[in-house]
file entry-v1.tsv (TSV, C-alpha atoms and all ligand atoms)
chain	number	residue	atom	x	y	z
A	1	MET	CA	-20.82	13.48	-0.33
A	2	ARG	CA	-22.24	11.63	-3.31
A	3	THR	CA	-19.89	11.50	-6.26
A	4	GLU	CA	-20.39	9.67	-9.53
A	5	LEU	CA	-17.79	7.15	-8.43
A	6	SER	CA	-19.30	6.51	-5.01
A	7	GLU	CA	-22.70	5.99	-6.69
A	8	LYS	CA	-21.13	3.53	-9.13
A	9	LEU	CA	-19.52	1.54	-6.34
A	10	GLY	CA	-22.49	1.83	-3.99
A	11	ILE	CA	-20.54	3.44	-1.13
A	12	GLU	CA	-21.58	6.25	1.20
A	13	TYR	CA	-18.31	8.20	1.25
A	14	PRO	CA	-15.59	8.37	-1.42
A	15	ILE	CA	-12.99	7.27	1.13
A	16	PHE	CA	-10.76	4.43	-0.08
A	17	ALA	CA	-8.58	2.63	2.43
A	18	PHE	CA	-5.55	0.61	1.44
A	19	SER	CA	-4.61	-2.01	4.04
A	20	HIS	CA	-2.95	-5.42	4.20
A	21	CYS	CA	-5.26	-6.25	7.10
A	22	ARG	CA	-8.63	-7.84	6.41
A	23	ASP	CA	-10.17	-6.46	9.63
A	24	VAL	CA	-9.39	-2.90	8.50
A	25	VAL	CA	-10.77	-3.56	5.03
A	26	ALA	CA	-14.05	-4.91	6.38
A	27	ALA	CA	-14.35	-2.13	8.97
A	28	VAL	CA	-13.87	0.59	6.33
A	29	SER	CA	-16.45	-0.93	4.00
A	30	ASN	CA	-18.86	-1.33	6.92
A	31	ALA	CA	-18.34	2.32	7.88
A	32	GLY	CA	-19.35	3.53	4.40
A	33	GLY	CA	-15.99	3.74	2.60
A	34	LEU	CA	-14.28	1.17	0.39
A	35	GLY	CA	-11.68	-1.07	2.01
A	36	VAL	CA	-9.03	-2.33	-0.42
A	37	LEU	CA	-6.99	-5.37	0.62
A	38	GLY	CA	-3.29	-5.29	-0.29
A	39	ALA	CA	-2.76	-8.79	-1.69
A	40	VAL	CA	0.92	-8.70	-2.66
A	41	GLY	CA	2.16	-10.68	0.35
A	42	PHE	CA	-0.39	-13.51	0.02
A	43	THR	CA	-0.34	-16.68	-2.04
A	44	ALA	CA	-3.58	-17.33	-3.95
A	45	GLU	CA	-4.54	-19.92	-1.31
A	46	GLN	CA	-3.99	-17.46	1.54
A	47	LEU	CA	-5.85	-14.75	-0.36
A	48	ALA	CA	-8.83	-17.09	-0.81
A	49	LYS	CA	-9.08	-17.38	2.98
A	50	GLU	CA	-8.72	-13.63	3.57
A	51	LEU	CA	-11.39	-12.81	0.99
A	52	ALA	CA	-13.76	-15.47	2.33
A	53	TRP	CA	-13.37	-13.88	5.77
A	54	ILE	CA	-14.09	-10.40	4.41
A	55	ASP	CA	-17.09	-11.73	2.44
A	56	ALA	CA	-18.48	-13.06	5.70
A	57	HIS	CA	-17.94	-9.76	7.56
A	58	VAL	CA	-19.14	-7.03	5.18
A	59	GLY	CA	-22.79	-7.96	4.65
A	60	ASP	CA	-23.65	-6.69	1.19
A	61	LYS	CA	-20.98	-3.97	1.20
A	62	PRO	CA	-18.38	-3.84	-1.60
A	63	TYR	CA	-14.60	-3.89	-1.19
A	64	GLY	CA	-11.50	-4.00	-3.38
A	65	VAL	CA	-8.22	-5.87	-3.87
A	66	ASP	CA	-4.84	-4.32	-4.65
A	67	ILE	CA	-2.14	-6.15	-6.58
A	68	VAL	CA	1.36	-5.08	-7.58
A	69	LEU	CA	2.32	-5.65	-11.20
A	70	PRO	CA	5.30	-3.37	-11.79
A	71	ALA	CA	6.03	-1.90	-15.22
A	72	LYS	CA	9.67	-2.95	-14.75
A	73	TYR	CA	11.28	-5.70	-12.68
A	74	GLU	CA	14.11	-8.24	-12.94
A	75	GLY	CA	12.94	-11.30	-14.85
A	76	LYS	CA	9.99	-9.57	-16.55
A	77	GLY	CA	9.00	-11.27	-19.79
A	78	GLU	CA	10.46	-14.66	-18.78
A	79	ASP	CA	7.80	-17.18	-19.63
A	80	ILE	CA	8.41	-19.41	-16.61
A	81	GLY	CA	6.50	-20.30	-13.46
A	82	ALA	CA	6.91	-18.65	-10.06
A	83	GLU	CA	9.15	-21.35	-8.55
A	84	GLU	CA	11.50	-21.42	-11.50
A	85	LEU	CA	11.68	-17.62	-11.56
A	86	GLU	CA	12.41	-17.55	-7.82
A	87	ALA	CA	15.26	-20.07	-8.21
A	88	LYS	CA	16.70	-18.13	-11.14
A	89	LEU	CA	16.62	-14.83	-9.27
A	90	GLN	CA	18.10	-16.42	-6.14
A	91	GLU	CA	21.19	-17.35	-8.16
A	92	MET	CA	21.64	-13.70	-9.11
A	93	ILE	CA	21.67	-12.40	-5.51
A	94	PRO	CA	25.17	-11.58	-4.23
A	95	GLU	CA	26.05	-13.31	-0.95
A	96	GLU	CA	27.25	-9.93	0.32
A	97	HIS	CA	23.65	-8.69	0.50
A	98	ARG	CA	22.43	-11.66	2.53
A	99	THR	CA	25.36	-11.30	4.93
A	100	PHE	CA	24.68	-7.59	5.33
A	101	VAL	CA	21.03	-8.20	6.24
A	102	LYS	CA	22.03	-10.75	8.87
A	103	GLN	CA	24.62	-8.33	10.24
A	104	ILE	CA	22.15	-5.44	10.66
A	105	LEU	CA	19.68	-7.72	12.44
A	106	ALA	CA	22.36	-9.23	14.67
A	107	ASP	CA	23.70	-5.77	15.60
A	108	ALA	CA	20.19	-4.71	16.62
A	109	GLY	CA	19.70	-7.90	18.67
A	110	VAL	CA	16.80	-9.28	16.61
A	111	PRO	CA	16.62	-13.05	17.22
A	112	GLU	CA	16.92	-15.57	14.38
A	113	LEU	CA	13.75	-17.26	13.13
A	114	PRO	CA	13.05	-20.71	14.61
A	115	GLU	CA	15.02	-23.49	12.91
A	116	GLY	CA	13.38	-24.84	9.76
A	117	GLU	CA	11.07	-21.86	9.14
A	118	GLN	CA	10.75	-21.52	5.37
A	119	LEU	CA	10.42	-18.06	3.85
A	120	ARG	CA	8.76	-17.40	0.54
A	121	GLU	CA	11.14	-14.95	-1.08
A	122	LEU	CA	9.35	-14.12	-4.32
A	123	ILE	CA	6.04	-12.50	-3.39
A	124	GLY	CA	3.18	-11.34	-5.62
A	125	TRP	CA	4.90	-8.60	-7.59
A	126	THR	CA	5.68	-10.45	-10.82
A	127	ALA	CA	3.26	-11.55	-13.54
A	128	ALA	CA	3.75	-15.19	-12.50
A	129	THR	CA	2.81	-14.46	-8.89
A	130	ALA	CA	0.21	-11.69	-9.37
A	131	TRP	CA	-2.07	-13.36	-11.94
A	132	PRO	CA	-3.29	-16.05	-9.52
A	133	LEU	CA	-4.23	-13.24	-7.11
A	134	VAL	CA	-6.37	-11.58	-9.78
A	135	GLU	CA	-8.01	-14.89	-10.65
A	136	GLU	CA	-8.82	-15.53	-6.99
A	137	SER	CA	-10.20	-12.02	-6.45
A	138	LEU	CA	-12.59	-12.40	-9.37
A	139	LYS	CA	-14.21	-15.40	-7.66
A	140	HIS	CA	-15.57	-13.04	-4.98
A	141	ASP	CA	-18.71	-11.11	-5.96
A	142	LYS	CA	-18.27	-8.31	-3.42
A	143	VAL	CA	-14.87	-7.40	-4.87
A	144	LYS	CA	-15.86	-4.44	-7.03
A	145	LEU	CA	-12.46	-2.89	-7.68
A	146	ILE	CA	-9.01	-4.20	-8.58
A	147	ALA	CA	-6.19	-1.70	-8.11
A	148	ASN	CA	-2.64	-2.04	-9.36
A	149	ALA	CA	0.49	-0.42	-8.00
A	150	LEU	CA	3.72	0.48	-9.81
A	151	GLY	CA	2.50	0.66	-13.36
A	152	THR	CA	-0.31	0.36	-15.87
A	153	PRO	CA	-1.88	-3.09	-15.52
A	154	PRO	CA	-1.39	-5.33	-18.58
A	155	ALA	CA	-4.20	-5.21	-21.17
A	156	ASP	CA	-5.36	-8.75	-20.37
A	157	VAL	CA	-5.78	-7.92	-16.67
A	158	ILE	CA	-7.78	-4.77	-17.51
A	159	LYS	CA	-9.97	-6.71	-19.92
A	160	GLU	CA	-10.66	-9.60	-17.60
A	161	VAL	CA	-11.52	-7.35	-14.66
A	162	GLN	CA	-13.73	-5.01	-16.69
A	163	ASP	CA	-15.45	-7.88	-18.52
A	164	SER	CA	-16.47	-9.18	-15.10
A	165	GLY	CA	-18.22	-5.86	-14.38
A	166	ARG	CA	-15.60	-4.49	-12.00
A	167	LEU	CA	-13.55	-1.32	-12.04
A	168	VAL	CA	-9.79	-1.10	-12.52
A	169	ALA	CA	-7.72	1.48	-10.66
A	170	ALA	CA	-3.99	2.14	-10.94
A	171	LEU	CA	-1.65	4.16	-8.78
A	172	CYS	CA	0.50	6.89	-10.27
A	173	GLY	CA	3.04	9.45	-9.17
A	174	SER	CA	3.11	11.66	-12.26
A	175	ALA	CA	0.84	12.97	-15.03
A	176	LYS	CA	2.77	10.79	-17.49
A	177	HIS	CA	1.87	7.63	-15.55
A	178	ALA	CA	-1.73	8.75	-15.25
A	179	LEU	CA	-2.00	9.40	-18.99
A	180	ALA	CA	-0.61	5.93	-19.69
A	181	HIS	CA	-3.32	4.48	-17.41
A	182	LYS	CA	-6.00	6.46	-19.23
A	183	GLU	CA	-4.69	5.38	-22.62
A	184	ALA	CA	-4.85	1.74	-21.53
A	185	GLY	CA	-8.49	2.09	-20.46
A	186	VAL	CA	-7.99	2.06	-16.68
A	187	ASP	CA	-11.14	3.41	-14.93
A	188	ILE	CA	-9.61	5.31	-12.00
A	189	ALA	CA	-6.21	6.90	-11.37
A	190	VAL	CA	-4.99	6.91	-7.78
A	191	CYS	CA	-2.64	9.87	-7.68
A	192	GLN	CA	-0.11	9.62	-4.87
A	193	GLY	CA	2.08	12.53	-3.81
A	194	THR	CA	5.59	11.93	-2.52
A	195	GLU	CA	4.55	12.26	1.13
A	196	GLY	CA	2.57	9.00	0.89
A	197	GLY	CA	3.65	5.73	2.48
A	198	GLY	CA	4.96	2.80	0.46
A	199	HIS	CA	6.20	3.20	-3.13
A	200	THR	CA	6.05	6.82	-4.02
A	201	GLY	CA	7.28	9.40	-6.51
A	202	ASP	CA	8.97	12.71	-5.84
A	203	VAL	CA	6.29	15.38	-6.39
A	204	GLY	CA	4.18	16.58	-3.45
A	205	SER	CA	0.41	16.05	-3.35
A	206	ILE	CA	-0.63	19.70	-3.50
A	207	VAL	CA	1.23	20.13	-6.78
A	208	LEU	CA	0.57	16.68	-8.21
A	209	TRP	CA	-3.17	16.24	-7.60
A	210	PRO	CA	-4.40	19.15	-9.78
A	211	GLU	CA	-1.74	18.38	-12.39
A	212	VAL	CA	-3.00	14.82	-12.77
A	213	ILE	CA	-6.70	15.73	-12.45
A	214	ASP	CA	-6.34	18.21	-15.32
A	215	ALA	CA	-4.22	15.87	-17.44
A	216	VAL	CA	-6.67	12.96	-17.44
A	217	ALA	CA	-10.06	14.71	-17.08
A	218	PRO	CA	-12.81	13.51	-17.08
A	219	MET	CA	-11.24	10.29	-15.76
A	220	PRO	CA	-11.89	10.08	-11.99
A	221	VAL	CA	-8.79	10.63	-9.84
A	222	LEU	CA	-8.45	9.60	-6.20
A	223	ALA	CA	-6.12	11.81	-4.17
A	224	ALA	CA	-3.52	9.89	-2.16
A	225	GLY	CA	-0.45	10.84	-0.16
A	226	GLY	CA	-1.04	12.75	3.07
A	227	ILE	CA	-4.72	12.08	3.71
A	228	GLY	CA	-5.04	12.12	7.49
A	229	GLY	CA	-8.30	13.96	8.08
A	230	GLY	CA	-11.20	15.93	6.69
A	231	ARG	CA	-9.26	19.10	5.90
A	232	GLN	CA	-6.95	17.18	3.58
A	233	MET	CA	-10.00	15.50	2.09
A	234	ALA	CA	-11.70	18.88	1.54
A	235	ALA	CA	-8.55	20.17	-0.18
A	236	ALA	CA	-8.51	17.13	-2.48
A	237	MET	CA	-12.22	17.42	-3.33
A	238	ALA	CA	-11.82	21.17	-3.90
A	239	MET	CA	-9.15	20.39	-6.49
A	240	GLY	CA	-11.52	18.09	-8.33
A	241	ALA	CA	-10.61	14.68	-6.92
A	242	ALA	CA	-13.31	12.03	-7.10
A	243	GLY	CA	-12.38	10.83	-3.63
A	244	VAL	CA	-9.46	10.10	-1.33
A	245	TRP	CA	-7.24	7.04	-0.91
A	246	ALA	CA	-5.33	6.63	2.36
A	247	GLY	CA	-2.83	4.06	3.63
A	248	SER	CA	-0.89	5.27	6.67
A	249	LEU	CA	-4.05	6.35	8.48
A	250	TRP	CA	-5.15	2.77	9.17
A	251	LEU	CA	-1.88	1.37	10.53
A	252	THR	CA	-2.62	2.41	14.11
A	253	THR	CA	-6.35	1.70	14.15
A	254	THR	CA	-7.84	-0.68	16.71
A	255	GLU	CA	-8.55	-3.18	13.95
A	256	SER	CA	-5.04	-3.09	12.45
A	257	ASP	CA	-3.01	-6.27	12.93
A	258	CYS	CA	0.28	-4.39	13.38
A	259	PRO	CA	1.81	-5.64	16.64
A	260	PRO	CA	1.41	-3.25	19.64
A	261	GLU	CA	5.15	-2.41	19.64
A	262	GLN	CA	4.93	-1.39	15.98
A	263	LYS	CA	1.83	0.73	16.66
A	264	GLU	CA	3.83	2.46	19.42
A	265	THR	CA	6.62	3.22	16.95
A	266	TYR	CA	4.11	4.66	14.46
A	267	LEU	CA	2.35	6.73	17.13
A	268	ALA	CA	5.65	8.20	18.32
A	269	ALA	CA	6.81	9.16	14.80
A	270	THR	CA	6.70	12.76	13.63
A	271	SER	CA	6.12	13.97	10.07
A	272	ARG	CA	9.92	14.39	9.72
A	273	ASP	CA	10.73	10.79	10.59
A	274	THR	CA	10.17	9.18	7.20
A	275	VAL	CA	12.54	8.67	4.31
A	276	ARG	CA	12.21	7.57	0.68
A	277	THR	CA	14.45	4.52	0.42
A	278	ARG	CA	15.19	1.63	-1.96
A	279	SER	CA	16.50	-0.45	0.93
A	280	TRP	CA	13.39	-2.59	1.47
A	281	THR	CA	11.97	-3.38	-1.97
A	282	GLY	CA	14.46	-2.10	-4.53
A	283	LYS	CA	12.17	0.75	-5.67
A	284	PRO	CA	11.83	4.11	-3.89
A	285	ALA	CA	9.31	3.72	-1.07
A	286	ARG	CA	8.58	5.79	2.03
A	287	PHE	CA	9.34	4.17	5.37
A	288	LEU	CA	10.11	5.35	8.89
A	289	ARG	CA	13.78	6.26	9.00
A	290	SER	CA	15.67	3.70	11.09
A	291	ASP	CA	19.07	2.12	11.71
A	292	TRP	CA	18.15	-0.15	8.77
A	293	THR	CA	17.54	2.66	6.25
A	294	ASP	CA	20.65	4.52	7.51
A	295	ALA	CA	22.79	1.39	7.16
A	296	TRP	CA	21.87	0.97	3.47
A	297	GLU	CA	22.56	4.66	2.80
A	298	ARG	CA	26.20	4.45	3.88
A	299	SER	CA	28.83	4.49	1.11
A	300	ASP	CA	30.69	1.46	2.56
A	301	THR	CA	27.64	-0.86	2.41
A	302	PRO	CA	26.02	-2.69	-0.54
A	303	ASP	CA	23.65	-0.81	-2.84
A	304	PRO	CA	20.10	-2.14	-2.85
A	305	LEU	CA	19.31	-4.60	-5.66
A	306	GLY	CA	16.41	-4.11	-8.07
A	307	MET	CA	12.83	-5.33	-7.59
A	308	PRO	CA	12.01	-8.14	-6.80
A	309	MET	CA	15.53	-9.21	-5.74
A	310	GLN	CA	16.02	-6.67	-2.96
A	311	PHE	CA	12.91	-7.90	-1.14
A	312	MET	CA	14.05	-11.50	-1.63
A	313	VAL	CA	16.99	-10.51	0.54
A	314	THR	CA	15.09	-8.32	3.01
A	315	VAL	CA	12.13	-10.67	3.51
A	316	GLU	CA	14.10	-12.26	6.34
A	317	ALA	CA	14.17	-8.89	8.12
A	318	VAL	CA	10.44	-8.42	7.53
A	319	ALA	CA	9.71	-11.86	8.99
A	320	ARG	CA	12.04	-11.35	11.96
A	321	SER	CA	10.65	-7.90	12.72
A	322	ASN	CA	7.08	-9.23	12.56
A	323	ARG	CA	7.95	-12.06	14.93
A	324	TYR	CA	10.07	-10.02	17.35
A	325	PRO	CA	8.60	-6.50	17.10
A	326	ALA	CA	9.98	-5.34	20.46
A	327	GLN	CA	13.58	-6.27	19.59
A	328	ALA	CA	13.22	-4.95	16.04
A	329	GLN	CA	12.02	-1.44	16.84
A	330	SER	CA	15.25	0.22	15.61
A	331	VAL	CA	15.42	-1.75	12.33
A	332	GLY	CA	11.84	-2.88	11.69
A	333	PHE	CA	9.86	-2.87	8.44
A	334	ASN	CA	7.69	0.24	8.90
A	335	PRO	CA	6.25	1.66	5.68
A	336	ALA	CA	4.58	5.00	6.43
A	337	GLY	CA	3.84	8.38	4.91
A	338	GLN	CA	4.60	11.77	6.45
A	339	VAL	CA	1.03	12.07	7.71
A	340	ILE	CA	1.95	9.47	10.34
A	341	GLY	CA	3.08	12.47	12.41
A	342	ARG	CA	-0.54	13.56	12.81
A	343	ILE	CA	-1.63	10.23	14.23
A	344	GLN	CA	-1.30	10.16	17.96
A	345	GLU	CA	-3.82	7.69	19.28
A	346	VAL	CA	-5.29	4.31	18.48
A	347	ARG	CA	-8.84	4.78	17.19
A	348	PRO	CA	-11.41	2.38	15.77
A	349	VAL	CA	-11.84	2.66	11.98
A	350	ARG	CA	-15.41	3.93	12.29
A	351	ARG	CA	-14.27	6.83	14.50
A	352	VAL	CA	-11.49	7.70	12.05
A	353	ILE	CA	-14.06	7.92	9.26
A	354	ASP	CA	-16.69	9.78	11.33
A	355	GLU	CA	-14.09	12.33	12.43
A	356	MET	CA	-12.85	12.73	8.86
A	357	ILE	CA	-16.38	13.49	7.67
A	358	GLU	CA	-17.01	15.96	10.53
A	359	GLU	CA	-13.75	17.76	9.83
A	360	TYR	CA	-14.55	17.80	6.11
A	361	LEU	CA	-17.94	19.40	6.75
A	362	ASP	CA	-16.36	22.02	9.04
A	363	ALA	CA	-13.81	22.85	6.36
A	364	VAL	CA	-16.49	23.22	3.69
A	365	GLU	CA	-18.55	25.44	6.01
A	366	ARG	CA	-15.52	27.59	6.75
A	367	LEU	CA	-14.98	28.11	3.03
A	368	ASN	CA	-18.64	28.88	2.46
A	369	SER	CA	-18.59	31.46	5.25
A	370	LEU	CA	-15.92	33.37	3.34
A	371	MET	CA	-18.35	34.02	0.47
A	372	PRO	CA	-20.14	37.39	0.48
A	373	GLU	CA	-23.88	37.20	1.38
B	401	LIG	C1	2.15	0.06	5.04
B	401	LIG	C2	1.88	0.46	3.63
B	401	LIG	C3	1.97	-0.51	2.63
B	401	LIG	C4	1.63	-0.19	1.32
B	401	LIG	N1	1.64	-1.16	0.36
B	401	LIG	C5	1.06	-0.92	-0.84
B	401	LIG	C6	0.79	-1.97	-1.76
B	401	LIG	O1	1.12	-3.13	-1.54
B	401	LIG	N2	0.13	-1.66	-2.90
B	401	LIG	C7	-0.29	-0.38	-3.18
B	401	LIG	O2	-0.94	-0.14	-4.19
B	401	LIG	N3	-0.01	0.63	-2.35
B	401	LIG	C8	0.62	0.40	-1.18
B	401	LIG	N4	0.84	1.43	-0.30
B	401	LIG	C9	0.46	2.80	-0.70
B	401	LIG	C10	-1.01	3.06	-0.38
B	401	LIG	O3	-1.84	2.36	-1.27
B	401	LIG	C11	-1.36	4.53	-0.47
B	401	LIG	O4	-1.29	4.96	-1.80
B	401	LIG	C12	-0.51	5.44	0.40
B	401	LIG	O5	-0.42	4.93	1.69
B	401	LIG	C13	-1.15	6.83	0.43
B	401	LIG	O6	-0.40	7.73	1.18
B	401	LIG	P1	-0.58	7.89	2.79
B	401	LIG	O7	0.28	6.84	3.35
B	401	LIG	O8	-0.09	9.26	3.05
B	401	LIG	O9	-2.04	7.71	3.10
B	401	LIG	C14	1.24	1.16	1.00
B	401	LIG	C15	1.22	2.12	2.00
B	401	LIG	C16	1.54	1.80	3.30
B	401	LIG	C17	1.49	2.88	4.35
call {"tool": "encode", "arguments": {"input": "entry-v1.tsv", "output": "structure tokens", "more": "lines below"}}
Ligand SMILES: Cc1cc2nc3c(=O)[nH]c(=O)nc-3n(C[C@H](O)[C@H](O)[C@H](O)COP(=O)(O)O)c2cc1C
result
Amino acid sequence: MRTELSEKLGIEYPIFAFSHCRDVVAAVSNAGGLGVLGAVGFTAEQLAKELAWIDAHVGDKPYGVDIVLPAKYEGKGEDIGAEELEAKLQEMIPEEHRTFVKQILADAGVPELPEGEQLRELIGWTAATAWPLVEESLKHDKVKLIANALGTPPADVIKEVQDSGRLVAALCGSAKHALAHKEAGVDIAVCQGTEGGGHTGDVGSIVLWPEVIDAVAPMPVLAAGGIGGGRQMAAAMAMGAAGVWAGSLWLTTTESDCPPEQKETYLAATSRDTVRTRSWTGKPARFLRSDWTDAWERSDTPDPLGMPMQFMVTVEAVARSNRYPAQAQSVGFNPAGQVIGRIQEVRPVRRVIDEMIEEYLDAVERLNSLMPE
């Protein structure tokens, strides 16, 4: 299982795990893969605590941090601080959108947040809010990889990360995006097919992976979108991927901090229960289909705003569904890829990885057995 990339990072298996949950990140790194912490929802102060916890729980194993610096968003290029940008964007949000969010939640019977609870509306997906996350990550020696979603990271981010001896990865959903990453000097392209959870393009993995691998060779490409087991991993490696990158797979693990009711929803979902929707973040992202996604699709309801404004409106729904997961099951914030349909039980991270490796080896053996003596 040794690849040039796994040697470089000092990991046993080229299995990369995206998760917002520090316990998952540490468990993956401890099991021989590379856990990558999704930092977008944290302030720099919160991230410092999460990373200190991971540092204390991974021994000498490496891990990564994922930020979100989109190529395009409302307010990009404004040379102002996070608070000022948040206030400016708030003024641009139509009241109709806020009312609509409250209406959907009320119709579903999701309780209001306790009086006085303050929500941070502008999270880490602008330059003003993402830079402090990069700076914090670079204070932690075991962070060996910084990944960026939704665009090529700015040149100064790439330089600072690489000058510190770390690798830069960037997600992509097309060969054009991947070539832009390569041109900018990014080390690794994470190529995500449309079936993947979260922000995603519209070309399926089995078509996209080889297209991107060929376009950017010899740049290493991690295959993402639909990785649920060793057969998918074998397919990706057979196509020339340098490893696999999975997100949905970890949502239902023992270590995942998703509430039990949300895990139930994920476990019950089939591969046909997801939809690509702009209704949560303003950019197309794959979520479980729900009364929420249906409500935003209707022609008599508001159209989603752009990023980051749509999430500034929907953050209330995210917070209420996190706090009241049982009441929010029909409208909750459930990002997931189509592979969620293959996940039917809660398993510890180590078992997920061991079973992936076993299935991978079986697949490789099956292929070898097809060769003439
Ligand atoms: C719950 C969830 C949240 C995600 N959030 C992010 C994110 O903040 N940043 C990012 O780079 N990718 C994010 N992704 C995408 C993953 O990094 C990964 O590319 C994707 O899950 C791969 O497809 P899969 O879901 O089929 O494994 C998210 C995915 C999921 C399922």
call {"tool": "residues_near_ligand", "arguments": {"input": "entry-v1.tsv", "ligand": "ligand LIG 401 (chain B)", "cutoff": "7 Å", "atoms": "all atoms listed in the file", "output": "ChimeraX atom specification"}}
result
/A:18-19,38-40,66-68,147-149,171,192,195-199,224-228,245-249,251,334-339
call {"tool": "atom_distance", "arguments": {"input": "entry-v1.tsv", "atom1": "CA of Gly109 (chain A)", "atom2": "CA of Met309 (chain A)"}}
result
24.8 Å
call {"tool": "closest_residue", "arguments": {"input": "entry-v1.tsv", "among": "A:Asp257, A:Glu4, A:Glu95, A:Asp156", "to": "Pro302 (chain A)", "atoms": "all atoms listed in the file"}}
result
A:Glu95
call {"tool": "axis_aligned_box", "arguments": {"input": "entry-v1.tsv", "around": "region 62-75 of chain A", "padding_each_side": "8 Å", "output": "JSON"}}
result
{"center_x": -2.1, "center_y": -6.6, "center_z": -8.2, "size_x": 48.5, "size_y": 25.4, "size_z": 30.0}
call {"tool": "atom_distance", "arguments": {"input": "entry-v1.tsv", "atom1": "CA of Cys258 (chain A)", "atom2": "CA of Ile340 (chain A)"}}
result
14.3 Å
call {"tool": "atom_distance", "arguments": {"input": "entry-v1.tsv", "atom1": "CA of Ile123 (chain A)", "atom2": "CA of Tyr266 (chain A)"}}
result
24.8 Å
call {"tool": "closest_atom_pairs", "arguments": {"input": "entry-v1.tsv", "of": "region 35-126 of chain A", "to": "region 135-141 of chain A", "cutoff": "9 Å", "atoms": "only C-alpha atoms", "output": "Markdown table"}}
result
| residue | atom | partner | partner_atom | distance |
| --- | --- | --- | --- | --- |
| A:Ala44 | CA | A:Glu136 | CA | 6.3 |
| A:Glu45 | CA | A:Glu136 | CA | 8.4 |
| A:Leu47 | CA | A:Glu136 | CA | 7.3 |
| A:Ala48 | CA | A:Glu136 | CA | 6.4 |
| A:Leu51 | CA | A:His140 | CA | 7.3 |
| A:Ala52 | CA | A:His140 | CA | 7.9 |
| A:Asp55 | CA | A:His140 | CA | 7.7 |
| A:Pro62 | CA | A:Asp141 | CA | 8.5 |
| A:Gly64 | CA | A:Ser137 | CA | 8.7 |
| A:Val65 | CA | A:Ser137 | CA | 7.0 |
call {"tool": "residues_around", "arguments": {"input": "entry-v1.tsv", "residues": "Pro325 (chain A)", "least_positions_apart": "4", "cutoff": "10 Å", "atoms": "only C-alpha atoms", "output": "list of chain:residue names"}}
result
A:Val110, A:Cys258, A:Pro259, A:Pro260, A:Glu261, A:Gln262, A:Lys263, A:Thr265, A:Val318, A:Ala319, A:Arg320, A:Ser321, A:Gln329, A:Ser330, A:Val331, A:Gly332, A:Phe333
call {"tool": "residues_around", "arguments": {"input": "entry-v1.tsv", "residues": "Ile15 (chain A)", "least_positions_apart": "2", "cutoff": "12 Å", "atoms": "only C-alpha atoms", "output": "mmCIF file with C-alpha atoms, in the frame of the given file"}}
result
data_model
loop_
_atom_site.group_PDB
_atom_site.id
_atom_site.type_symbol
_atom_site.label_atom_id
_atom_site.label_comp_id
_atom_site.auth_asym_id
_atom_site.auth_seq_id
_atom_site.Cartn_x
_atom_site.Cartn_y
_atom_site.Cartn_z
ATOM 1 C CA MET A 1 -20.820 13.480 -0.330
ATOM 2 C CA ARG A 2 -22.240 11.630 -3.310
ATOM 3 C CA THR A 3 -19.890 11.500 -6.260
ATOM 4 C CA LEU A 5 -17.790 7.150 -8.430
ATOM 5 C CA SER A 6 -19.300 6.510 -5.010
ATOM 6 C CA LEU A 9 -19.520 1.540 -6.340
ATOM 7 C CA ILE A 11 -20.540 3.440 -1.130
ATOM 8 C CA GLU A 12 -21.580 6.250 1.200
ATOM 9 C CA TYR A 13 -18.310 8.200 1.250
ATOM 10 C CA ALA A 17 -8.580 2.630 2.430
ATOM 11 C CA PHE A 18 -5.550 0.610 1.440
ATOM 12 C CA VAL A 25 -10.770 -3.560 5.030
ATOM 13 C CA VAL A 28 -13.870 0.590 6.330
ATOM 14 C CA SER A 29 -16.450 -0.930 4.000
ATOM 15 C CA ASN A 30 -18.860 -1.330 6.920
ATOM 16 C CA ALA A 31 -18.340 2.320 7.880
ATOM 17 C CA GLY A 32 -19.350 3.530 4.400
ATOM 18 C CA GLY A 33 -15.990 3.740 2.600
ATOM 19 C CA LEU A 34 -14.280 1.170 0.390
ATOM 20 C CA GLY A 35 -11.680 -1.070 2.010
ATOM 21 C CA VAL A 36 -9.030 -2.330 -0.420
ATOM 22 C CA TYR A 63 -14.600 -3.890 -1.190
ATOM 23 C CA VAL A 190 -4.990 6.910 -7.780
ATOM 24 C CA LEU A 222 -8.450 9.600 -6.200
ATOM 25 C CA ALA A 223 -6.120 11.810 -4.170
ATOM 26 C CA ALA A 224 -3.520 9.890 -2.160
ATOM 27 C CA ILE A 227 -4.720 12.080 3.710
ATOM 28 C CA GLY A 228 -5.040 12.120 7.490
ATOM 29 C CA GLY A 229 -8.300 13.960 8.080
ATOM 30 C CA GLY A 230 -11.200 15.930 6.690
ATOM 31 C CA GLN A 232 -6.950 17.180 3.580
ATOM 32 C CA MET A 233 -10.000 15.500 2.090
ATOM 33 C CA ALA A 234 -11.700 18.880 1.540
ATOM 34 C CA ALA A 236 -8.510 17.130 -2.480
ATOM 35 C CA MET A 237 -12.220 17.420 -3.330
ATOM 36 C CA ALA A 241 -10.610 14.680 -6.920
ATOM 37 C CA ALA A 242 -13.310 12.030 -7.100
ATOM 38 C CA GLY A 243 -12.380 10.830 -3.630
ATOM 39 C CA VAL A 244 -9.460 10.100 -1.330
ATOM 40 C CA TRP A 245 -7.240 7.040 -0.910
ATOM 41 C CA ALA A 246 -5.330 6.630 2.360
ATOM 42 C CA GLY A 247 -2.830 4.060 3.630
ATOM 43 C CA LEU A 249 -4.050 6.350 8.480
ATOM 44 C CA VAL A 349 -11.840 2.660 11.980
ATOM 45 C CA ARG A 350 -15.410 3.930 12.290
ATOM 46 C CA VAL A 352 -11.490 7.700 12.050
ATOM 47 C CA ILE A 353 -14.060 7.920 9.260
ATOM 48 C CA ASP A 354 -16.690 9.780 11.330
ATOM 49 C CA MET A 356 -12.850 12.730 8.860
ATOM 50 C CA ILE A 357 -16.380 13.490 7.670
ATOM 51 C CA TYR A 360 -14.550 17.800 6.110
#
